[in-house]
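Trainee: As input, take my_file.txt (compact mmCIF, C-alpha atoms and all ligand atoms):
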```
# COMPACT_ATOMS: atom_id res chain seq x y z
CA LEU A 1 67.74 41.18 101.39
CA THR A 2 67.03 44.91 101.32
CA ALA A 3 70.04 45.43 99.05
CA ASP A 4 68.75 42.66 96.76
CA LEU A 5 65.33 44.28 96.58
CA GLU A 6 66.88 47.67 95.81
CA GLY A 7 68.79 46.04 92.97
CA LEU A 8 65.46 45.11 91.38
CA ARG A 9 64.59 48.72 90.68
CA GLY A 10 65.55 48.80 87.02
CA LEU A 11 64.37 45.25 86.26
CA PRO A 12 60.89 44.49 84.87
CA ALA A 13 58.28 42.58 86.88
CA GLU A 14 58.38 39.62 84.54
CA THR A 15 57.81 35.94 85.22
CA LEU A 16 60.34 33.25 84.26
CA ASP A 17 58.22 32.49 81.16
CA GLY A 18 58.09 36.13 80.04
CA HIS A 19 54.74 37.45 81.32
CA ARG A 20 55.02 41.18 82.12
CA MET A 21 53.01 42.40 85.10
CA PRO A 22 52.93 46.20 85.36
CA LEU A 23 53.39 47.30 88.99
CA TRP A 24 52.01 50.72 89.87
CA VAL A 25 51.77 52.53 93.18
CA ASN A 26 49.21 54.13 95.45
CA THR A 27 50.07 57.66 96.59
CA GLY A 28 48.64 60.45 98.68
CA LEU A 29 51.48 62.75 99.67
CA ILE A 30 54.20 63.96 97.34
CA THR A 31 56.73 62.08 99.50
CA ASP A 32 54.95 58.79 98.59
CA ALA A 33 55.36 59.73 94.96
CA LEU A 34 59.10 60.36 95.20
CA ARG A 35 59.68 57.13 97.14
CA SER A 36 57.66 55.24 94.54
CA LEU A 37 59.86 56.36 91.67
CA ASP A 38 62.86 55.14 93.65
CA ARG A 39 61.32 51.72 93.78
CA GLY A 40 60.64 51.48 90.08
CA ALA A 41 56.90 52.22 89.93
CA GLU A 42 55.53 52.29 86.37
CA GLY A 43 52.54 54.52 87.10
CA VAL A 44 50.09 55.58 89.80
CA GLY A 45 47.04 53.36 90.08
CA LEU A 46 45.48 55.29 92.94
CA TYR A 47 46.20 58.81 94.07
CA ARG A 48 44.02 59.32 97.15
CA THR A 49 43.04 62.99 96.78
CA GLU A 50 41.43 63.05 100.22
CA VAL A 51 44.95 63.01 101.72
CA PRO A 52 45.80 66.62 100.73
CA PHE A 53 42.25 67.62 101.77
CA MET A 54 42.86 66.13 105.24
CA MET A 55 45.99 68.29 105.67
CA LYS A 56 43.91 71.48 105.50
CA ASP A 57 41.43 73.17 107.82
CA ARG A 58 39.12 74.16 104.95
CA PHE A 59 38.43 73.00 101.39
CA PRO A 60 41.51 73.70 99.25
CA SER A 61 40.77 76.19 96.48
CA GLU A 62 40.82 75.23 92.81
CA SER A 63 44.26 76.79 92.31
CA GLU A 64 45.65 75.14 95.46
CA GLN A 65 44.38 71.79 94.22
CA GLN A 66 45.76 72.43 90.76
CA LYS A 67 49.23 73.00 92.23
CA THR A 68 49.10 69.83 94.35
CA TYR A 69 47.90 67.70 91.41
CA ARG A 70 50.49 69.22 89.09
CA GLU A 71 53.25 68.00 91.42
CA GLN A 72 51.98 64.43 91.22
CA LEU A 73 51.52 64.53 87.44
CA GLU A 74 54.94 66.10 86.84
CA THR A 75 56.70 63.67 89.15
CA PHE A 76 55.45 60.66 87.19
CA SER A 77 55.19 62.07 83.67
CA PRO A 78 55.11 60.45 81.14
CA ALA A 79 53.71 57.61 83.29
CA LEU A 80 49.97 57.72 84.01
CA VAL A 81 48.59 59.06 87.29
CA THR A 82 45.14 57.83 88.29
CA MET A 83 43.49 60.46 90.47
CA ARG A 84 40.52 59.35 92.48
CA THR A 85 37.85 61.97 93.10
CA LEU A 86 37.29 62.84 96.75
CA ASP A 87 36.48 59.71 98.78
CA ILE A 88 35.36 61.00 102.17
CA GLY A 89 32.86 59.41 104.52
CA GLY A 90 33.27 55.91 105.94
CA ASP A 91 36.56 55.95 107.85
CA LYS A 92 37.83 59.16 106.20
CA SER A 93 36.53 62.46 107.49
CA LEU A 94 37.40 66.13 107.10
CA THR A 95 37.28 68.27 110.27
CA TYR A 96 35.69 71.09 108.26
CA PHE A 97 33.04 68.85 106.68
CA PRO A 98 31.81 66.57 109.47
CA ILE A 99 29.56 63.64 108.62
CA ASN A 100 27.86 62.02 111.59
CA GLU A 101 26.00 58.80 110.89
CA ALA A 102 25.14 55.58 112.70
CA ASN A 103 26.51 53.47 109.81
CA PRO A 104 29.16 55.55 108.03
CA PHE A 105 30.36 52.64 105.85
CA LEU A 106 26.81 52.25 104.53
CA GLY A 107 26.18 55.93 104.37
CA TRP A 108 27.22 59.08 102.62
CA ARG A 109 30.66 58.37 101.19
CA GLY A 110 32.69 58.73 98.03
CA ILE A 111 30.76 59.52 94.87
CA ARG A 112 27.52 59.87 96.88
CA VAL A 113 28.88 62.96 98.62
CA THR A 114 30.35 64.59 95.52
CA LEU A 115 27.26 64.00 93.35
CA ASP A 116 25.22 65.73 96.08
CA HIS A 117 27.80 68.55 96.01
CA PRO A 118 28.60 69.03 92.32
CA GLU A 119 30.38 72.30 93.14
CA ILE A 120 33.03 70.33 95.10
CA PHE A 121 33.30 67.77 92.30
CA LEU A 122 33.56 70.35 89.48
CA VAL A 123 36.26 72.36 91.26
CA GLN A 124 38.27 69.19 91.82
CA VAL A 125 37.94 67.84 88.28
CA ARG A 126 38.78 71.21 86.72
CA ALA A 127 41.85 71.46 88.96
CA MET A 128 42.95 67.99 87.81
CA MET A 129 42.45 68.85 84.15
CA LYS A 130 44.22 72.21 84.39
CA ALA A 131 47.11 70.50 86.19
CA SER A 132 47.48 68.07 83.31
CA GLU A 133 48.05 70.73 80.62
CA GLY A 134 51.04 69.81 78.49
CA LEU A 135 51.42 66.46 80.27
CA ASN A 136 48.17 64.65 79.49
CA ASN A 137 49.04 61.73 81.79
CA LEU A 138 45.93 62.12 83.95
CA ARG A 139 43.27 59.47 84.52
CA ILE A 140 40.23 60.13 86.74
CA MET A 141 38.64 57.42 88.87
CA LEU A 142 35.29 57.36 90.71
CA PRO A 143 35.03 55.76 94.20
CA MET A 144 32.14 53.84 95.82
CA VAL A 145 30.00 53.47 92.71
CA SER A 146 26.97 51.24 93.32
CA ASN A 147 24.86 51.86 90.20
CA VAL A 148 25.16 53.05 86.59
CA THR A 149 23.29 56.33 87.16
CA GLU A 150 26.10 57.56 89.39
CA VAL A 151 28.55 56.94 86.55
CA ASP A 152 26.33 58.70 83.99
CA GLU A 153 25.91 61.71 86.28
CA ALA A 154 29.62 61.88 87.07
CA LEU A 155 30.55 61.61 83.37
CA HIS A 156 28.16 64.44 82.61
CA LEU A 157 29.88 66.64 85.21
CA ILE A 158 33.34 65.63 83.97
CA TYR A 159 32.47 66.61 80.36
CA ARG A 160 31.15 69.91 81.68
CA ALA A 161 34.38 70.50 83.61
CA HIS A 162 36.35 69.74 80.44
CA VAL A 163 34.37 72.26 78.40
CA GLU A 164 34.83 74.89 81.13
CA THR A 165 38.56 74.17 81.27
CA LEU A 166 38.87 74.61 77.49
CA GLU A 167 36.81 77.80 77.65
CA GLU A 168 39.26 79.19 80.20
CA GLY A 169 41.97 78.71 77.58
CA PHE A 170 43.65 75.53 78.83
CA ASP A 171 44.74 73.09 76.16
CA VAL A 172 43.98 69.69 77.70
CA GLU A 173 42.83 66.37 76.34
CA MET A 174 39.85 64.61 77.89
CA PRO A 175 41.38 62.18 80.41
CA GLU A 176 40.50 58.51 80.58
CA ILE A 177 37.79 57.83 83.15
CA GLY A 178 37.48 54.77 85.35
CA VAL A 179 35.24 53.29 88.01
CA MET A 180 36.32 51.60 91.21
CA ILE A 181 34.76 48.22 91.80
CA GLU A 182 34.41 48.05 95.57
CA VAL A 183 30.71 47.52 96.25
CA PRO A 184 29.33 44.00 95.63
CA ALA A 185 26.54 45.38 93.40
CA ALA A 186 29.19 46.64 90.98
CA VAL A 187 30.54 43.11 90.54
CA TYR A 188 27.19 42.01 89.14
CA GLN A 189 26.98 45.01 86.80
CA ILE A 190 30.56 44.83 85.70
CA ARG A 191 29.77 44.79 81.97
CA GLU A 192 27.30 47.69 82.17
CA LEU A 193 29.87 49.72 84.12
CA ALA A 194 32.74 48.73 81.81
CA GLN A 195 30.75 49.87 78.77
CA ARG A 196 30.57 53.40 80.18
CA VAL A 197 34.23 54.01 81.01
CA ASP A 198 37.81 53.50 79.84
CA PHE A 199 39.12 51.38 82.70
CA LEU A 200 38.17 49.70 85.98
CA SER A 201 40.03 49.28 89.24
CA VAL A 202 39.14 47.01 92.12
CA GLY A 203 39.22 48.44 95.63
CA SER A 204 39.73 45.09 97.28
CA ASN A 205 39.76 46.59 100.81
CA ASP A 206 36.19 47.81 100.58
CA LEU A 207 35.05 44.98 98.33
CA THR A 208 36.19 42.43 100.95
CA GLN A 209 34.60 44.40 103.79
CA TYR A 210 31.27 44.65 101.97
CA LEU A 211 31.23 41.08 100.62
CA LEU A 212 31.95 39.59 104.04
CA ALA A 213 30.04 42.21 106.07
CA VAL A 214 33.15 42.73 108.20
CA ASP A 215 34.29 46.22 109.22
CA ARG A 216 37.86 46.45 107.92
CA ASN A 217 38.93 48.43 111.02
CA ASN A 218 37.25 46.43 113.80
CA PRO A 219 39.79 44.22 115.62
CA ARG A 220 37.02 42.12 117.16
CA VAL A 221 36.10 40.70 113.77
CA ALA A 222 39.57 40.94 112.22
CA ASP A 223 39.83 37.16 111.82
CA LEU A 224 36.68 37.22 109.69
CA TYR A 225 38.21 39.76 107.33
CA GLN A 226 39.67 37.12 105.02
CA ALA A 227 41.45 38.49 101.99
CA PHE A 228 41.46 34.99 100.47
CA HIS A 229 37.85 34.09 101.24
CA PRO A 230 36.55 32.03 98.28
CA ALA A 231 33.72 34.54 97.77
CA VAL A 232 36.28 37.33 97.38
CA LEU A 233 38.37 35.32 94.92
CA HIS A 234 35.33 34.36 92.83
CA ALA A 235 34.19 38.00 92.76
CA LEU A 236 37.67 39.06 91.62
CA LYS A 237 37.50 36.51 88.80
CA LEU A 238 34.04 37.69 87.71
CA ILE A 239 35.33 41.27 87.58
CA VAL A 240 38.34 40.59 85.39
CA ASP A 241 36.37 38.36 83.03
CA GLY A 242 33.57 40.95 82.73
CA ALA A 243 35.97 43.82 82.11
CA HIS A 244 37.85 41.88 79.44
CA ALA A 245 34.60 40.81 77.77
CA GLU A 246 34.09 44.57 77.20
CA ASN A 247 37.76 44.99 76.18
CA LYS A 248 38.50 47.26 79.12
CA PRO A 249 41.66 47.07 81.22
CA VAL A 250 41.26 46.34 84.91
CA SER A 251 43.62 46.77 87.84
CA VAL A 252 43.54 46.10 91.56
CA CYS A 253 44.51 48.96 93.88
CA GLY A 254 43.54 47.49 97.27
CA GLU A 255 45.99 45.92 99.72
CA LEU A 256 45.60 42.49 98.09
CA ALA A 257 47.69 43.66 95.11
CA GLY A 258 50.61 44.43 97.43
CA ASN A 259 50.45 41.04 99.14
CA PRO A 260 52.84 38.70 97.25
CA MET A 261 50.36 35.80 97.49
CA GLY A 262 47.52 38.02 96.32
CA ALA A 263 49.60 39.43 93.49
CA VAL A 264 50.37 35.93 92.16
CA LEU A 265 46.67 35.00 92.10
CA LEU A 266 45.62 38.31 90.54
CA MET A 267 48.22 37.90 87.80
CA ALA A 268 46.90 34.42 87.08
CA MET A 269 43.34 35.76 86.92
CA GLY A 270 44.49 38.11 84.16
CA TYR A 271 44.57 41.51 85.88
CA ASP A 272 46.34 44.09 83.72
CA VAL A 273 47.93 46.21 86.45
CA LEU A 274 48.60 45.81 90.18
CA SER A 275 48.79 49.02 92.19
CA MET A 276 50.20 48.97 95.71
CA ASN A 277 51.86 50.82 98.53
CA SER A 278 55.45 51.45 97.36
CA THR A 279 56.78 49.59 100.42
CA ASN A 280 55.40 46.33 99.00
CA LEU A 281 56.53 46.83 95.41
CA PRO A 282 60.05 45.35 95.56
CA LYS A 283 58.83 42.22 97.34
CA VAL A 284 55.98 41.67 94.86
CA LYS A 285 58.37 42.18 91.97
CA SER A 286 60.85 39.69 93.34
CA VAL A 287 58.15 37.03 93.80
CA ILE A 288 56.83 37.54 90.26
CA ARG A 289 60.35 37.27 88.85
CA GLY A 290 60.81 33.99 90.69
CA ILE A 291 57.81 32.07 89.30
CA SER A 292 56.27 31.24 85.93
CA ARG A 293 52.84 32.30 84.75
CA GLU A 294 52.04 28.65 84.21
CA TRP A 295 52.85 27.88 87.85
CA ALA A 296 50.61 30.75 88.98
CA ASP A 297 47.78 29.56 86.69
CA ASN A 298 47.95 26.06 88.20
CA LEU A 299 47.95 27.47 91.71
CA LEU A 300 44.90 29.62 90.92
CA ALA A 301 43.01 26.67 89.43
CA GLU A 302 43.67 24.67 92.59
CA VAL A 303 42.78 27.52 94.93
CA LEU A 304 39.49 28.23 93.16
CA THR A 305 38.28 24.74 94.10
CA MET A 306 38.92 25.32 97.82
CA GLU A 307 36.17 26.22 100.28
CA SER A 308 37.94 27.91 103.17
CA GLY A 309 39.77 31.23 103.18
CA GLN A 310 42.12 30.06 105.91
CA VAL A 311 43.04 26.89 104.00
CA ILE A 312 43.60 28.94 100.85
CA ALA A 313 45.86 31.44 102.64
CA SER A 314 47.97 28.76 104.29
CA THR A 315 48.22 26.73 101.07
CA ILE A 316 49.54 29.69 99.09
CA GLN A 317 51.93 30.62 101.86
CA LEU A 318 53.30 27.10 101.89
CA VAL A 319 53.80 26.77 98.13
CA LEU A 320 55.37 30.23 97.87
CA GLU A 321 57.82 29.36 100.62
CA LYS A 322 58.66 26.10 98.85
CA ALA A 323 59.16 27.99 95.58
CA GLY A 324 61.66 30.17 97.49
C1 LIG A 401 39.96 49.97 98.55
O1 LIG A 401 38.84 50.11 99.07
O2 LIG A 401 40.49 48.87 98.34
C2 LIG A 401 40.75 51.15 98.15
C3 LIG A 401 41.83 51.02 97.41
O3 LIG A 401 40.35 52.37 98.60
P1 LIG A 401 40.46 52.88 100.11
O4 LIG A 401 41.33 51.89 100.84
O5 LIG A 401 41.06 54.23 100.01
O6 LIG A 401 39.05 52.88 100.54
MG MG A 402 37.80 52.01 99.00
```
Take the structure I supplied and represent it as structure tokens, if you would.
Mentor:
Amino acid sequence: LTADLEGLRGLPAETLDGHRMPLWVNTGLITDALRSLDRGAEGVGLYRTEVPFMMKDRFPSESEQQKTYREQLETFSPALVTMRTLDIGGDKSLTYFPINEANPFLGWRGIRVTLDHPEIFLVQVRAMMKASEGLNNLRIMLPMVSNVTEVDEALHLIYRAHVETLEEGFDVEMPEIGVMIEVPAAVYQIRELAQRVDFLSVGSNDLTQYLLAVDRNNPRVADLYQAFHPAVLHALKLIVDGAHAENKPVSVCGELAGNPMGAVLLMAMGYDVLSMNSTNLPKVKSVIRGISREWADNLLAEVLTMESGQVIASTIQLVLEKAG
């Protein structure tokens, strides 16, 4: 089976009736990036920049960051690399920037931290832009957005960073900017958010945790963390429809995209890109190559009428097994 999956590397993720589904990867370390290319990744949908920050015992300097980002951009060029601005807080902390809160998942995390510390944000965005000189395959993505003001403020800082980068003599294009949809409020402002940026990407891990009010890391409530809960699926459908109504592409970069059953449903919903851990990519590709888009559409229509996440999950599992 492993040999079969390896053989898929050069083949497109295309259904039996010719629907192409771009499969991208999530990275953090440069080793993830190299492994991803081996597995036939077509781009990076989520580069978690907090990973290199966690390897240090102080904030990496602008030039250190530039070097780290350059490696990612060069490795994938000409394919696009979506760099997420620092997403600390919640379950991700830096020893040299402790955040102590009673409710870290509802607290100071992601864009909230960097908008309160524009100096951290500006250094990071300038480092990304400088790293992209001559390659121009950078996209920048904002985590944990819960209202439009955060996007407007972040865009303002990003334009400023671009001007400063040009003034320093770098010849770089303005990258495409995107927003992560991972807070329920963002689902209901999907069109307003889409109007402000170039692309959207769903963080289904956080979106599921916040929709269901279930800590994604708490084993005691793990059985309530249902990736296929009808509320999650309906939210995912609202997001893709809203993004497309504004003619903006939308991807999923949470774990659901790397789950073969999730990938089939997301494709049927109309998602433009699925971004996953490289380990899951060959399996997802092989499932997509084994079904038709029409079959996936019918499955989605049936699933969207169901009322229980457990029934949905076992139904999909069953039909996928039957389909081989
Ligand atoms: C997500 O929330 O789905 C996501 C991709 O981001 P992270 O897992 O890094 O929070
Ligand atoms: Mg997240």
Trainee: Which residues sit within 8 Å of ligand LIG 401 (chain A), counting only C-alpha atoms and all ligand atoms, listed as a VMD selection string?
Mentor: chain A and resid 46 48 87 143 182 202 to 207 252 to 255
Trainee: For Gln65 (chain A), please output as a list in words all residues within 9 Å (counting all atoms listed in the file; exclusion window: fewer than 5 positions along the same chain).
Mentor: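 Those residues are Pro52, Phe53, Pro60, Arg70, Val123, Gln124, Ala127, Met128 and Ala131 of chain A.
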Trainee: Report the distance between CA of Gly40 (chain A) and CA of Gly18 (chain A) in Å, rounded to one decimal place.
Mentor: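 Straight-line distance from CA of Gly40 (chain A) to CA of Gly18 (chain A) works out to 18.5 Å.
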Trainee: Out of A:Leu122, A:Met54, A:Val148, A:Leu142, which residue has the shortest atom-to-atom distance to ligand MG 402 (chain A) when counting only C-alpha atoms and all ligand atoms?
Mentor: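 Looking at the shortest contact to ligand MG 402 (chain A), the residue is A:Leu142.
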Trainee: (37.3, 41.8, 81.7) in this file's frame - what residues fall within 12 Å of it? Use all atoms listed in the file and give the answer as a PyMOL selection string.
Mentor: chain A and resi 187+189-195+198-202+236-251+269-272
Trainee: With N, CA and C atoms as the goal, would you fill in the gaps in region 33-52 of chain A and present it as a PDB file, in the frame of the given file?
Mentor:
```pdb
ATOM      1  N   ALA A  33      55.099  59.754  96.389  1.00  0.00           N
ATOM      2  CA  ALA A  33      55.360  59.730  94.960  1.00  0.00           C
ATOM      3  C   ALA A  33      56.861  59.600  94.698  1.00  0.00           C
ATOM      4  N   LEU A  34      57.655  60.389  95.420  1.00  0.00           N
ATOM      5  CA  LEU A  34      59.100  60.360  95.200  1.00  0.00           C
ATOM      6  C   LEU A  34      59.674  58.992  95.575  1.00  0.00           C
ATOM      7  N   ARG A  35      59.216  58.442  96.714  1.00  0.00           N
ATOM      8  CA  ARG A  35      59.680  57.130  97.140  1.00  0.00           C
ATOM      9  C   ARG A  35      59.307  56.053  96.102  1.00  0.00           C
ATOM     10  N   SER A  36      58.141  56.219  95.508  1.00  0.00           N
ATOM     11  CA  SER A  36      57.660  55.240  94.540  1.00  0.00           C
ATOM     12  C   SER A  36      58.555  55.173  93.308  1.00  0.00           C
ATOM     13  N   LEU A  37      58.992  56.335  92.848  1.00  0.00           N
ATOM     14  CA  LEU A  37      59.860  56.360  91.670  1.00  0.00           C
ATOM     15  C   LEU A  37      61.148  55.626  91.978  1.00  0.00           C
ATOM     16  N   ASP A  38      61.664  55.829  93.189  1.00  0.00           N
ATOM     17  CA  ASP A  38      62.860  55.140  93.650  1.00  0.00           C
ATOM     18  C   ASP A  38      62.733  53.633  93.568  1.00  0.00           C
ATOM     19  N   ARG A  39      61.530  53.162  93.747  1.00  0.00           N
ATOM     20  CA  ARG A  39      61.320  51.720  93.780  1.00  0.00           C
ATOM     21  C   ARG A  39      60.894  51.152  92.444  1.00  0.00           C
ATOM     22  N   GLY A  40      60.904  51.980  91.426  1.00  0.00           N
ATOM     23  CA  GLY A  40      60.640  51.480  90.080  1.00  0.00           C
ATOM     24  C   GLY A  40      59.177  51.384  89.704  1.00  0.00           C
ATOM     25  N   ALA A  41      58.325  52.233  90.289  1.00  0.00           N
ATOM     26  CA  ALA A  41      56.900  52.220  89.930  1.00  0.00           C
ATOM     27  C   ALA A  41      56.714  52.645  88.473  1.00  0.00           C
ATOM     28  N   GLU A  42      55.751  52.006  87.790  1.00  0.00           N
ATOM     29  CA  GLU A  42      55.530  52.290  86.370  1.00  0.00           C
ATOM     30  C   GLU A  42      54.327  53.207  86.137  1.00  0.00           C
ATOM     31  N   GLY A  43      53.688  53.638  87.228  1.00  0.00           N
ATOM     32  CA  GLY A  43      52.540  54.520  87.100  1.00  0.00           C
ATOM     33  C   GLY A  43      51.890  54.634  88.462  1.00  0.00           C
ATOM     34  N   VAL A  44      50.846  55.469  88.549  1.00  0.00           N
ATOM     35  CA  VAL A  44      50.090  55.580  89.800  1.00  0.00           C
ATOM     36  C   VAL A  44      48.694  55.031  89.544  1.00  0.00           C
ATOM     37  N   GLY A  45      48.346  53.985  90.267  1.00  0.00           N
ATOM     38  CA  GLY A  45      47.040  53.360  90.080  1.00  0.00           C
ATOM     39  C   GLY A  45      45.971  53.943  90.972  1.00  0.00           C
ATOM     40  N   LEU A  46      46.422  54.637  92.023  1.00  0.00           N
ATOM     41  CA  LEU A  46      45.480  55.290  92.940  1.00  0.00           C
ATOM     42  C   LEU A  46      46.180  56.428  93.651  1.00  0.00           C
ATOM     43  N   TYR A  47      45.764  57.648  93.304  1.00  0.00           N
ATOM     44  CA  TYR A  47      46.200  58.810  94.070  1.00  0.00           C
ATOM     45  C   TYR A  47      44.993  59.201  94.916  1.00  0.00           C
ATOM     46  N   ARG A  48      45.138  59.060  96.244  1.00  0.00           N
ATOM     47  CA  ARG A  48      44.020  59.320  97.150  1.00  0.00           C
ATOM     48  C   ARG A  48      43.941  60.827  97.400  1.00  0.00           C
ATOM     49  N   THR A  49      43.075  61.516  96.674  1.00  0.00           N
ATOM     50  CA  THR A  49      43.040  62.990  96.780  1.00  0.00           C
ATOM     51  C   THR A  49      42.531  63.465  98.126  1.00  0.00           C
ATOM     52  N   GLU A  50      41.887  62.574  98.900  1.00  0.00           N
ATOM     53  CA  GLU A  50      41.430  63.050 100.220  1.00  0.00           C
ATOM     54  C   GLU A  50      42.614  63.343 101.142  1.00  0.00           C
ATOM     55  N   VAL A  51      43.785  62.767 100.852  1.00  0.00           N
ATOM     56  CA  VAL A  51      44.950  63.010 101.720  1.00  0.00           C
ATOM     57  C   VAL A  51      45.312  64.511 101.764  1.00  0.00           C
ATOM     58  N   PRO A  52      45.544  65.175 100.624  1.00  0.00           N
ATOM     59  CA  PRO A  52      45.800  66.620 100.730  1.00  0.00           C
ATOM     60  C   PRO A  52      44.618  67.409 101.335  1.00  0.00           C
TER      61      PRO A  52
END
```
